[in-house]
>>> print(open('input_39.csv').read())   # CSV, C-alpha atoms
chain,number,residue,atom,x,y,z
K,86,MET,CA,108.6,120.5,113.1
K,87,ARG,CA,110.5,121.4,109.9
K,88,ILE,CA,110.4,118.3,107.8
K,89,VAL,CA,112.1,117.5,104.4
K,90,GLN,CA,110.7,114.7,102.4
K,91,LEU,CA,113.5,113.5,100.1
K,92,ILE,CA,112.9,111.2,97.1
K,93,THR,CA,114.8,110.3,94.0
K,94,HIS,CA,112.2,111.7,91.7
K,95,MET,CA,108.6,113.0,91.6
K,96,ASN,CA,108.1,112.8,87.8
K,97,GLU,CA,105.7,109.8,87.8
K,98,LEU,CA,102.7,108.7,89.8
K,99,GLY,CA,104.3,105.7,91.5
K,100,GLY,CA,103.7,104.2,95.0
K,101,ALA,CA,106.6,106.0,96.7
K,102,GLN,CA,105.6,109.3,95.1
K,103,VAL,CA,102.0,109.0,96.2
K,104,HIS,CA,103.2,108.0,99.7
K,105,VAL,CA,105.4,111.2,99.9
K,106,ARG,CA,102.6,113.4,98.5
K,107,ASP,CA,100.0,112.1,101.0
K,108,LEU,CA,102.4,112.3,104.0
K,109,ALA,CA,103.5,115.8,103.0
K,110,LYS,CA,99.9,117.0,102.6
K,111,GLN,CA,98.8,115.8,106.0
K,112,LEU,CA,101.9,117.0,107.7
K,113,ASP,CA,101.4,120.5,106.2
K,114,LYS,CA,97.7,120.4,107.2
K,115,ASP,CA,98.7,119.6,110.8
K,116,GLY,CA,100.9,122.7,111.0
K,117,HIS,CA,104.4,121.3,110.2
K,118,THR,CA,106.7,123.1,107.8
K,119,VAL,CA,107.2,120.6,104.9
K,120,THR,CA,109.5,120.7,101.8
K,121,ILE,CA,109.7,118.0,99.2
K,122,LEU,CA,113.2,117.6,97.8
K,123,SER,CA,113.5,115.5,94.7
K,124,GLY,CA,115.9,114.7,91.9
K,125,GLY,CA,115.6,115.5,88.2
K,126,SER,CA,114.4,118.6,86.5
K,127,GLU,CA,111.2,117.3,85.0
K,128,ILE,CA,107.9,119.0,85.6
K,129,VAL,CA,106.1,117.4,88.6
K,130,PRO,CA,102.7,115.9,87.5
K,131,GLU,CA,99.7,117.9,88.6
K,132,ASP,CA,98.4,115.0,90.7
K,133,LEU,CA,101.5,115.2,92.9
K,134,VAL,CA,101.6,118.9,93.4
K,135,ILE,CA,100.6,120.3,96.8
K,136,PRO,CA,100.0,124.1,96.5
K,137,THR,CA,101.1,124.9,100.0
K,138,VAL,CA,104.2,122.6,100.0
K,139,PRO,CA,107.2,123.9,98.2
K,140,PHE,CA,109.2,121.6,95.8
K,141,VAL,CA,113.0,121.8,95.6
K,142,GLN,CA,114.8,119.9,92.8
K,143,SER,CA,118.3,118.6,92.6
K,144,LYS,CA,119.0,118.1,88.9
K,145,PHE,CA,122.0,116.0,89.6
K,146,LEU,CA,120.1,113.3,91.5
K,147,VAL,CA,119.1,110.7,89.0
K,148,ARG,CA,117.9,107.1,89.2
K,149,ASN,CA,120.8,105.4,87.3
K,150,ILE,CA,124.1,104.9,89.0
K,151,HIS,CA,126.8,107.3,87.8
K,152,PRO,CA,129.8,107.8,90.2
K,153,ILE,CA,130.7,111.3,89.1
K,154,LYS,CA,127.1,112.6,88.9
K,155,ASP,CA,126.3,110.8,92.2
K,156,PHE,CA,129.1,112.6,94.0
K,157,ILE,CA,127.9,116.0,92.6
K,158,ALA,CA,124.4,115.0,93.6
K,159,LEU,CA,125.6,114.3,97.2
K,160,LEU,CA,127.2,117.7,97.5
K,161,ASP,CA,124.1,119.4,96.0
K,162,LEU,CA,121.8,117.5,98.4
K,163,ARG,CA,124.0,118.4,101.3
K,164,GLN,CA,123.9,122.1,100.4
K,165,LYS,CA,120.2,122.2,99.9
K,166,ILE,CA,119.4,120.3,103.2
K,167,LYS,CA,121.8,122.6,105.1
K,168,LYS,CA,120.0,125.6,103.7
K,169,LEU,CA,116.5,124.2,104.6
K,170,ARG,CA,117.6,123.5,108.2
K,171,PRO,CA,115.1,120.7,108.9
K,172,ASP,CA,114.5,119.1,112.2
K,173,ILE,CA,114.3,115.7,110.4
K,174,VAL,CA,114.7,114.4,106.8
K,175,ALA,CA,112.4,111.6,105.7
K,176,ILE,CA,114.1,109.7,102.8
K,177,HIS,CA,112.4,107.5,100.2
K,178,SER,CA,113.6,105.3,97.3
K,179,SER,CA,116.9,103.6,96.7
K,180,LYS,CA,119.2,106.3,95.2
K,181,ALA,CA,118.0,109.1,97.5
K,182,GLY,CA,118.2,106.5,100.3
K,183,VAL,CA,121.9,106.2,99.9
K,184,LEU,CA,122.9,109.7,99.1
K,185,GLY,CA,120.4,111.3,101.4
K,186,ARG,CA,121.6,109.3,104.4
K,187,ILE,CA,125.2,110.2,103.8
K,188,ALA,CA,124.3,113.9,103.4
K,189,CYS,CA,122.3,114.0,106.6
K,190,TRP,CA,124.8,112.0,108.6
K,191,SER,CA,127.6,114.4,107.5
K,192,LEU,CA,125.4,117.3,108.6
K,193,ARG,CA,124.4,115.6,111.9
K,194,ILE,CA,120.7,116.1,111.0
K,195,PRO,CA,118.2,113.4,112.2
K,196,PHE,CA,116.9,111.2,109.3
K,197,VAL,CA,114.8,108.2,108.7
K,198,PHE,CA,114.8,106.0,105.5
K,199,THR,CA,111.7,104.3,104.3
K,200,ALA,CA,112.4,101.3,102.0
K,201,HIS,CA,109.5,100.9,99.6
K,202,GLY,CA,110.9,97.5,98.6
K,203,TRP,CA,114.5,96.5,98.6
K,204,SER,CA,116.7,96.6,95.4
K,205,PHE,CA,118.0,93.1,96.5
K,206,THR,CA,114.6,91.5,96.8
K,207,GLU,CA,113.7,88.2,95.1
K,208,GLY,CA,113.2,88.5,91.4
K,209,VAL,CA,116.0,91.0,90.9
K,210,GLU,CA,119.1,89.6,89.0
K,211,LYS,CA,121.5,87.9,91.4
K,212,LYS,CA,124.6,90.1,90.7
K,213,GLN,CA,122.4,93.2,91.3
K,214,GLN,CA,121.1,91.7,94.5
K,215,GLN,CA,124.7,91.2,95.8
K,216,PHE,CA,125.7,94.8,94.8
K,217,TYR,CA,122.7,96.4,96.4
K,218,ARG,CA,123.1,94.4,99.6
K,219,LYS,CA,126.6,95.7,100.0
K,220,ILE,CA,125.5,99.3,99.5
K,221,GLU,CA,122.6,98.9,102.0
K,222,LYS,CA,124.9,97.2,104.6
K,223,TRP,CA,127.3,100.2,104.4
K,224,THR,CA,124.6,102.9,104.6
K,225,GLY,CA,122.9,100.8,107.3
K,226,LYS,CA,125.9,101.5,109.6
K,227,ILE,CA,125.2,105.2,109.6
K,228,SER,CA,121.4,104.8,109.9
K,229,SER,CA,119.6,104.9,113.3
K,230,THR,CA,116.2,103.9,112.0
K,231,VAL,CA,114.9,102.3,108.8
K,232,ILE,CA,111.2,101.8,108.1
K,233,THR,CA,110.0,98.9,105.9
K,234,VAL,CA,106.5,99.0,104.5
K,235,CYS,CA,105.9,95.3,105.1
K,236,ASP,CA,107.2,92.5,107.4
K,237,HIS,CA,108.5,90.7,104.4
K,238,ASP,CA,111.0,93.5,103.7
K,239,ARG,CA,112.0,93.7,107.3
K,240,ASN,CA,112.7,90.0,107.5
K,241,LEU,CA,114.6,90.1,104.2
K,242,ALA,CA,116.9,92.8,105.6
K,243,LEU,CA,117.4,90.8,108.8
K,244,LYS,CA,118.1,87.6,106.9
K,245,HIS,CA,120.9,89.2,104.9
K,246,GLU,CA,122.2,91.1,107.9
K,247,VAL,CA,121.7,94.4,106.1
K,248,LEU,CA,120.5,96.0,109.3
K,249,PRO,CA,120.4,94.9,113.0
K,250,PHE,CA,117.1,94.2,114.7
K,251,ALA,CA,117.1,97.4,116.7
K,252,LYS,CA,117.4,99.7,113.7
K,253,ILE,CA,114.5,98.4,111.6
K,254,LYS,CA,110.8,98.6,112.1
K,255,THR,CA,107.7,97.9,110.0
K,256,ILE,CA,105.1,100.5,109.4
K,257,HIS,CA,102.7,99.0,106.9
K,258,ASN,CA,101.7,101.1,103.9
K,259,GLY,CA,98.4,102.9,104.2
K,260,VAL,CA,96.2,104.6,101.7
K,261,ILE,CA,93.6,107.4,101.9
K,262,ASP,CA,90.0,106.1,101.6
K,263,THR,CA,88.5,107.4,98.4
K,264,LYS,CA,85.8,104.9,97.9
K,265,SER,CA,82.5,106.3,96.7
K,266,THR,CA,79.8,105.5,99.3
K,267,GLN,CA,77.1,105.9,96.6
K,268,PHE,CA,78.5,103.4,94.1
K,269,GLN,CA,77.0,100.0,94.1
K,270,ARG,CA,78.3,97.0,92.1
K,271,GLY,CA,75.5,94.9,90.8
K,272,MET,CA,75.3,91.8,88.7
K,273,LYS,CA,77.0,92.6,85.5
K,274,GLU,CA,77.0,90.8,82.2
K,275,THR,CA,80.6,91.9,81.4
K,276,VAL,CA,83.1,91.7,84.3
K,277,LYS,CA,85.6,94.6,84.4
K,278,ILE,CA,89.2,93.6,85.3
K,279,LEU,CA,91.6,96.4,86.2
K,280,MET,CA,95.4,96.6,86.5
K,281,VAL,CA,97.1,99.9,87.5
K,282,ALA,CA,100.8,99.8,86.9
K,283,ARG,CA,103.5,101.2,84.6
K,284,PHE,CA,104.3,99.1,81.6
K,285,ASP,CA,107.8,97.9,82.8
K,286,LYS,CA,109.5,94.6,82.9
K,287,PRO,CA,108.7,93.7,86.6
K,288,LYS,CA,104.9,94.2,86.1
K,289,LYS,CA,104.4,91.5,83.4
K,290,GLN,CA,101.2,92.7,81.8
K,291,LEU,CA,101.9,90.4,78.9
K,292,GLU,CA,101.7,87.4,81.2
K,293,LEU,CA,98.2,88.6,82.3
K,294,LEU,CA,97.1,89.0,78.6
K,295,GLU,CA,98.3,85.4,77.9
K,296,ALA,CA,96.3,84.1,80.8
K,297,LEU,CA,93.2,86.0,79.6
K,298,LEU,CA,93.6,84.5,76.1
K,299,HIS,CA,92.8,81.1,77.7
K,300,VAL,CA,89.5,82.4,78.9
K,301,LYS,CA,88.7,84.7,76.0
K,302,ASP,CA,85.2,83.1,75.6
K,303,LEU,CA,84.1,84.4,79.0
K,304,ASN,CA,82.4,87.8,79.5
K,305,TRP,CA,85.2,90.1,80.6
K,306,HIS,CA,86.8,93.4,79.7
K,307,MET,CA,90.4,94.2,80.7
K,308,ILE,CA,91.4,97.8,81.5
K,309,PHE,CA,95.1,98.8,81.8
K,310,ALA,CA,95.9,102.1,83.4
K,311,GLY,CA,99.5,103.2,83.1
K,312,ASP,CA,102.1,103.9,80.5
K,313,GLY,CA,105.7,102.8,79.8
K,314,SER,CA,108.2,101.4,77.4
K,315,LEU,CA,106.5,97.9,77.1
K,316,LYS,CA,103.0,99.2,76.4
K,317,GLN,CA,103.4,98.9,72.7
K,318,ARG,CA,104.4,95.2,73.0
K,319,SER,CA,101.2,94.4,74.9
K,320,ALA,CA,99.1,96.4,72.4
K,321,GLN,CA,100.6,94.4,69.6
K,322,PHE,CA,99.8,91.1,71.4
K,323,VAL,CA,96.2,92.2,71.8
K,324,GLN,CA,95.9,93.1,68.1
K,325,GLU,CA,97.6,89.8,66.9
K,326,LYS,CA,95.3,87.7,69.1
K,327,ASN,CA,92.1,89.6,68.1
K,328,LEU,CA,91.4,90.8,71.6
K,329,SER,CA,91.1,94.5,70.8
K,330,HIS,CA,87.3,94.5,71.6
K,331,LYS,CA,88.1,93.1,75.1
K,332,VAL,CA,91.1,95.2,76.1
K,333,THR,CA,91.4,98.9,76.7
K,334,PHE,CA,94.7,100.8,77.3
K,335,LEU,CA,94.0,104.0,79.1
K,336,GLY,CA,97.5,105.3,79.5
K,337,ASN,CA,98.2,107.4,82.6
K,338,HIS,CA,94.8,108.2,84.3
K,339,SER,CA,94.1,111.0,86.6
K,340,ASN,CA,91.2,109.5,88.5
K,341,ILE,CA,92.1,106.0,89.6
K,342,SER,CA,89.4,106.0,92.3
K,343,GLU,CA,86.8,106.3,89.5
K,344,LEU,CA,88.3,103.3,87.7
K,345,LEU,CA,88.3,101.2,91.0
K,346,ASN,CA,84.7,102.1,91.7
K,347,GLU,CA,83.7,100.7,88.3
K,348,ALA,CA,85.9,97.6,88.4
K,349,ASP,CA,85.0,94.1,89.5
K,350,ILE,CA,88.4,92.5,89.9
K,351,PHE,CA,91.8,94.0,90.5
K,352,VAL,CA,94.9,92.2,89.2
K,353,LEU,CA,98.6,92.9,89.7
K,354,THR,CA,101.2,90.6,88.1
K,355,SER,CA,104.7,91.5,89.3
K,356,SER,CA,108.1,89.9,89.5
K,357,TRP,CA,108.8,91.8,92.8
K,358,GLU,CA,107.1,94.3,95.0
K,359,GLY,CA,107.3,95.8,98.5
K,360,LEU,CA,103.7,96.4,99.5
K,361,PRO,CA,101.9,98.0,96.5
K,362,LEU,CA,99.6,100.9,97.2
K,363,SER,CA,97.6,99.9,94.1
K,364,ILE,CA,96.5,96.7,95.9
K,365,LEU,CA,95.6,98.6,99.1
K,366,GLU,CA,93.6,101.1,97.1
K,367,ALA,CA,91.7,98.3,95.4
K,368,MET,CA,91.0,96.7,98.7
K,369,ALA,CA,89.7,100.0,100.1
K,370,HIS,CA,87.3,100.0,97.2
K,371,GLY,CA,86.1,96.5,98.1
K,372,LEU,CA,87.6,94.6,95.2
K,373,PRO,CA,88.8,91.0,95.1
K,374,ILE,CA,92.5,90.9,94.3
K,375,ILE,CA,94.5,88.5,92.1
K,376,ALA,CA,98.2,89.2,92.7
K,377,SER,CA,101.7,87.7,92.5
K,378,ASN,CA,102.9,86.2,95.7
K,379,VAL,CA,105.9,88.5,96.0
K,380,GLY,CA,107.2,90.9,98.7
K,381,GLY,CA,104.6,91.9,101.2
K,382,VAL,CA,101.6,91.1,99.0
K,383,LYS,CA,100.5,88.1,101.1
K,384,GLU,CA,100.3,90.4,104.1
K,385,ALA,CA,97.3,92.1,102.4
K,386,VAL,CA,96.0,89.4,100.0
K,387,ARG,CA,94.8,86.3,101.9
K,388,ASP,CA,94.5,83.4,99.5
K,389,TRP,CA,90.9,82.4,99.0
K,390,LYS,CA,89.8,85.0,101.6
K,391,ASN,CA,89.9,88.3,99.7
K,392,GLY,CA,91.4,87.1,96.5
K,393,PHE,CA,94.1,84.8,95.1
K,394,LEU,CA,97.8,84.7,95.2
K,395,ILE,CA,99.1,83.6,91.8
K,396,HIS,CA,100.7,80.1,91.8
K,397,GLU,CA,101.1,79.4,88.1
K,398,ASN,CA,97.3,79.2,87.8
K,399,LEU,CA,96.3,82.7,86.7
K,400,SER,CA,93.9,81.6,84.0
K,401,GLU,CA,92.0,79.4,86.4
K,402,GLN,CA,91.8,82.1,89.1
K,403,LEU,CA,90.5,84.6,86.5
K,404,SER,CA,87.9,82.1,85.4
K,405,ILE,CA,86.7,81.5,88.9
K,406,LEU,CA,86.2,85.1,89.7
K,407,ILE,CA,84.8,86.1,86.3
K,408,GLU,CA,82.1,83.4,86.5
K,409,ASP,CA,81.2,83.7,90.2
K,410,ALA,CA,79.6,87.1,91.1
K,411,LEU,CA,78.8,86.0,94.7
K,412,LEU,CA,82.4,85.0,95.4
K,413,ARG,CA,83.6,88.4,94.0
K,414,GLU,CA,81.2,90.1,96.4
K,415,LYS,CA,82.3,88.0,99.4
K,416,MET,CA,86.0,88.5,98.6
K,417,GLY,CA,85.5,92.2,98.0
K,418,GLU,CA,83.8,92.6,101.4
K,419,LYS,CA,86.8,90.8,103.0
K,420,SER,CA,89.2,93.2,101.2
K,421,ARG,CA,87.4,96.2,102.7
K,422,GLU,CA,87.5,94.6,106.2
K,423,ILE,CA,91.3,93.9,106.0
K,424,TYR,CA,91.9,97.4,104.7
K,425,GLU,CA,90.0,99.1,107.6
K,426,ALA,CA,91.8,96.9,110.1
K,427,SER,CA,95.4,97.3,108.9
K,428,PHE,CA,96.0,99.6,105.9
K,429,THR,CA,94.4,102.9,106.5
K,430,PHE,CA,96.3,106.1,105.9
K,431,ASP,CA,95.6,107.4,109.4
K,432,ASN,CA,97.1,104.4,111.1
K,433,MET,CA,100.3,104.7,108.9
K,434,TYR,CA,100.5,108.4,109.4
K,435,LYS,CA,100.3,108.3,113.2
K,436,LYS,CA,103.1,105.7,113.4
K,437,THR,CA,105.3,107.6,111.0
K,438,LEU,CA,104.8,110.9,112.8
K,439,SER,CA,105.6,109.2,116.1
K,440,THR,CA,108.9,107.9,114.6
K,441,TYR,CA,109.8,111.5,113.5
K,442,TYR,CA,109.2,112.8,117.0
K,443,HIS,CA,111.2,110.0,118.6
K,444,LEU,CA,114.2,110.6,116.4
K,445,THR,CA,114.2,114.4,116.9
K,446,GLU,CA,113.9,113.9,120.7
K,447,LEU,CA,116.9,111.5,120.6
K,448,GLU,CA,118.9,114.1,118.8
K,449,GLU,CA,118.0,116.8,121.4
K,450,LYS,CA,119.2,114.5,124.2
K,451,ASN,CA,122.5,113.9,122.5
>>> encode(input="input_39.csv", output="structure tokens")
Amino acid sequence: MRIVQLITHMNELGGAQVHVRDLAKQLDKDGHTVTILSGGSEIVPEDLVIPTVPFVQSKFLVRNIHPIKDFIALLDLRQKIKKLRPDIVAIHSSKAGVLGRIACWSLRIPFVFTAHGWSFTEGVEKKQQQFYRKIEKWTGKISSTVITVCDHDRNLALKHEVLPFAKIKTIHNGVIDTKSTQFQRGMKETVKILMVARFDKPKKQLELLEALLHVKDLNWHMIFAGDGSLKQRSAQFVQEKNLSHKVTFLGNHSNISELLNEADIFVLTSSWEGLPLSILEAMAHGLPIIASNVGGVKEAVRDWKNGFLIHENLSEQLSILIEDALLREKMGEKSREIYEASFTFDNMYKKTLSTYYHLTELEEKN
């Protein structure tokens, strides 16, 4: 098959970007002709580059809404997709999700949109929710199939009548297993806590730091991997509260697997999520998880089984896991078990590829 993977941008190592990279890499390995089409004109980070898969960029496709630029982007995407002549276009992320579907529909090319978390999910400002629901309802009319990465997002779309039952299906996110079989966590004097996320408003790193301040006398070291506009604010908090010896800011890190192998607890504090790949990667590495009860997180994190869902008791949950090595080990083993049963890359890939074939076969029949 000739497949185009279309995404709003590939200039940062986010969940949707990693999803597209891993899908494209495996599709290419299996003999399909794959092109990644993304917005912007920035250099693609080395970690997202696949030497055998070409990148095509549409400089007019940007994340922020801008009617004139968006119309130009639509025309540009239409032209580029027409030139590539794909059998199917797999579309990811909100802006590309709207413009890409319109472009493919107008060209009569089969397409599937994967929603990596809705823009109208809980936690988003109410007026924005209403606006994005209207847009998704309209583009839903021209969509034959939409994939959600968790049941929560599927149910949310059905609840708000964004899409009918027949047009929407869940294919849970899956991640490649990069756990080191040689690495063994032992009893440690200092417990390493890891959070991998950009420093942006929805991620609430400051809330985690405030919770850690309440347990500052325990033996822990907090590691933040990621960059962003709010990083300086968190660094200032650490300095003001004399936590500099207990907190490390790594910035963007090229080897997350190494960090996960060395960590003891994984934490993700978010206002909203779909089904974060970072949590699934931590589970694959056998880590107990502490995470906000948002989006599809509870489909992976089972309260008191393989971690904790945050219920305004983050300090208490941190304290329990920091002080109880046996509980960390037990929860970590359960994380690995859940990952192997439900969130492997192979499982996600097979279901996704089956969807591609189904849609192209439908087009041939029509």
>>> atom_distance(input="input_39.csv", atom1="atom CA of K:Ser126", atom2="atom CA of K:Pro195")
26.5 Å
>>> residues_around(input="input_39.csv", residues="stretch 321-324 of chain K", least_positions_apart="6", cutoff="9 Å", atoms="all atoms listed in the file", output="list in words")
Leu291, Leu294, Glu295, Lys331 and Val332 of chain K
>>> closest_residue(input="input_39.csv", among="K:Lys168, K:Phe351, K:Phe284, K:Glu425", to="K:Ser314", atoms="all atoms listed in the file")
K:Phe284
>>> closest_residue(input="input_39.csv", among="K:Pro171, K:Pro361, K:Gly371, K:Pro152", to="K:Glu347", atoms="all atoms listed in the file")
K:Gly371
>>> residues_near_point(input="input_39.csv", point="(96.7, 107.1, 88.9)", cutoff="12 Å", atoms="only C-alpha atoms", output="PyMOL selection string")
chain K and resi 97-100+102-103+130-133+280-283+309-312+335-345+362-363+366
>>> closest_residue(input="input_39.csv", among="K:Leu243, K:Ile92, K:Ala158, K:Ile194", to="K:Lys222", atoms="all atoms listed in the file")
K:Leu243
>>> closest_atom_pairs(input="input_39.csv", of="stretch 235-277 of chain K", to="stretch 206-210 of chain K", cutoff="12 Å", atoms="only C-alpha atoms", output="CSV")
residue,atom,partner,partner_atom,distance
K:His237,CA,K:Thr206,CA,9.8
K:Asp238,CA,K:Thr206,CA,8.0
K:Arg239,CA,K:Thr206,CA,11.0
K:Asn240,CA,K:Thr206,CA,11.0
K:Leu241,CA,K:Thr206,CA,7.5
K:Ala242,CA,K:Thr206,CA,9.2
K:Lys244,CA,K:Thr206,CA,11.4
K:His245,CA,K:Thr206,CA,10.5
>>> residues_around(input="input_39.csv", residues="stretch 375-388 of chain K", least_positions_apart="6", cutoff="6 Å", atoms="only C-alpha atoms", output="VMD selection string")
chain K and resid 235 237 352 to 355 357 to 360 394 to 395
>>> residues_around(input="input_39.csv", residues="K:Val138", least_positions_apart="5", cutoff="10 Å", atoms="all atoms listed in the file", output="PyMOL selection string")
chain K and resi 106+109-110+112-114+118-121
>>> closest_residue(input="input_39.csv", among="K:Thr440, K:Gln215, K:Asn304, K:Ser319", to="K:Asp285", atoms="only C-alpha atoms")
K:Ser319
>>> atom_distance(input="input_39.csv", atom1="atom CA of K:Ala175", atom2="atom CA of K:Thr199")
7.5 Å
>>> residues_around(input="input_39.csv", residues="K:Thr437", least_positions_apart="3", cutoff="10 Å", atoms="all atoms listed in the file", output="list in words")
Leu108, Ala175, Val197, Thr199, Ile232, Ile256, His257, Asp431, Asn432, Met433, Tyr434, Thr440, Tyr441, Tyr442 and His443 of chain K
>>> residues_around(input="input_39.csv", residues="K:Lys415", least_positions_apart="5", cutoff="9 Å", atoms="all atoms listed in the file", output="JSON list (two decimals) with C-alpha atoms, in the coordinates of the input")
[["chain", "number", "residue", "atom", "x", "y", "z"],
["K", 373, "PRO", "CA", 88.80, 91.00, 95.10],
["K", 390, "LYS", "CA", 89.80, 85.00, 101.60],
["K", 391, "ASN", "CA", 89.90, 88.30, 99.70],
["K", 410, "ALA", "CA", 79.60, 87.10, 91.10],
["K", 420, "SER", "CA", 89.20, 93.20, 101.20]]
>>> atom_distance(input="input_39.csv", atom1="atom CA of K:Glu401", atom2="atom CA of K:Glu418")
21.6 Å
>>> closest_residue(input="input_39.csv", among="K:Met416, K:Leu146, K:Leu315, K:Val260", to="K:Asp107", atoms="only C-alpha atoms")
K:Val260
>>> decode(input="input_39.csv", residues="stretch 240-257 of chain K", atoms="N, CA and C atoms", output="mmCIF file, in the first residue's frame")
data_model
loop_
_atom_site.group_PDB
_atom_site.id
_atom_site.type_symbol
_atom_site.label_atom_id
_atom_site.label_comp_id
_atom_site.auth_asym_id
_atom_site.auth_seq_id
_atom_site.Cartn_x
_atom_site.Cartn_y
_atom_site.Cartn_z
ATOM 1 N N ASN K 240 -16.174 7.124 24.147
ATOM 2 C CA ASN K 240 -17.423 7.397 24.862
ATOM 3 C C ASN K 240 -17.726 8.892 24.922
ATOM 4 N N LEU K 241 -16.688 9.705 25.015
ATOM 5 C CA LEU K 241 -16.865 11.159 25.049
ATOM 6 C C LEU K 241 -17.439 11.660 23.718
ATOM 7 N N ALA K 242 -16.931 11.127 22.619
ATOM 8 C CA ALA K 242 -17.434 11.515 21.305
ATOM 9 C C ALA K 242 -18.887 11.078 21.116
ATOM 10 N N LEU K 243 -19.214 9.884 21.603
ATOM 11 C CA LEU K 243 -20.592 9.392 21.502
ATOM 12 C C LEU K 243 -21.536 10.206 22.383
ATOM 13 N N LYS K 244 -21.063 10.546 23.576
ATOM 14 C CA LYS K 244 -21.870 11.324 24.525
ATOM 15 C C LYS K 244 -22.276 12.672 23.930
ATOM 16 N N HIS K 245 -21.350 13.333 23.263
ATOM 17 C CA HIS K 245 -21.619 14.661 22.697
ATOM 18 C C HIS K 245 -22.110 14.584 21.251
ATOM 19 N N GLU K 246 -22.380 13.354 20.797
ATOM 20 C CA GLU K 246 -22.912 13.128 19.446
ATOM 21 C C GLU K 246 -22.027 13.754 18.370
ATOM 22 N N VAL K 247 -20.725 13.667 18.603
ATOM 23 C CA VAL K 247 -19.757 14.153 17.620
ATOM 24 C C VAL K 247 -19.689 13.195 16.437
ATOM 25 N N LEU K 248 -19.808 11.898 16.752
ATOM 26 C CA LEU K 248 -19.773 10.854 15.731
ATOM 27 C C LEU K 248 -20.790 9.780 16.077
ATOM 28 N N PRO K 249 -21.374 9.134 15.075
ATOM 29 C CA PRO K 249 -22.267 8.009 15.359
ATOM 30 C C PRO K 249 -21.467 6.762 15.729
ATOM 31 N N PHE K 250 -22.123 5.826 16.366
ATOM 32 C CA PHE K 250 -21.504 4.597 16.858
ATOM 33 C C PHE K 250 -20.731 3.861 15.771
ATOM 34 N N ALA K 251 -21.299 3.791 14.568
ATOM 35 C CA ALA K 251 -20.715 2.992 13.482
ATOM 36 C C ALA K 251 -19.415 3.572 12.924
ATOM 37 N N LYS K 252 -19.155 4.852 13.190
ATOM 38 C CA LYS K 252 -17.982 5.500 12.593
ATOM 39 C C LYS K 252 -16.764 5.541 13.506
ATOM 40 N N ILE K 253 -16.906 5.101 14.736
ATOM 41 C CA ILE K 253 -15.827 5.294 15.706
ATOM 42 C C ILE K 253 -15.425 3.969 16.345
ATOM 43 N N LYS K 254 -14.113 3.759 16.482
ATOM 44 C CA LYS K 254 -13.613 2.530 17.086
ATOM 45 C C LYS K 254 -12.397 2.845 17.959
ATOM 46 N N THR K 255 -12.208 2.039 18.980
ATOM 47 C CA THR K 255 -11.053 2.204 19.857
ATOM 48 C C THR K 255 -9.949 1.238 19.458
ATOM 49 N N ILE K 256 -8.766 1.772 19.246
ATOM 50 C CA ILE K 256 -7.551 0.960 19.163
ATOM 51 C C ILE K 256 -6.603 1.552 20.201
ATOM 52 N N HIS K 257 -6.457 0.858 21.308
ATOM 53 C CA HIS K 257 -5.637 1.394 22.392
ATOM 54 C C HIS K 257 -4.200 1.651 21.929
#
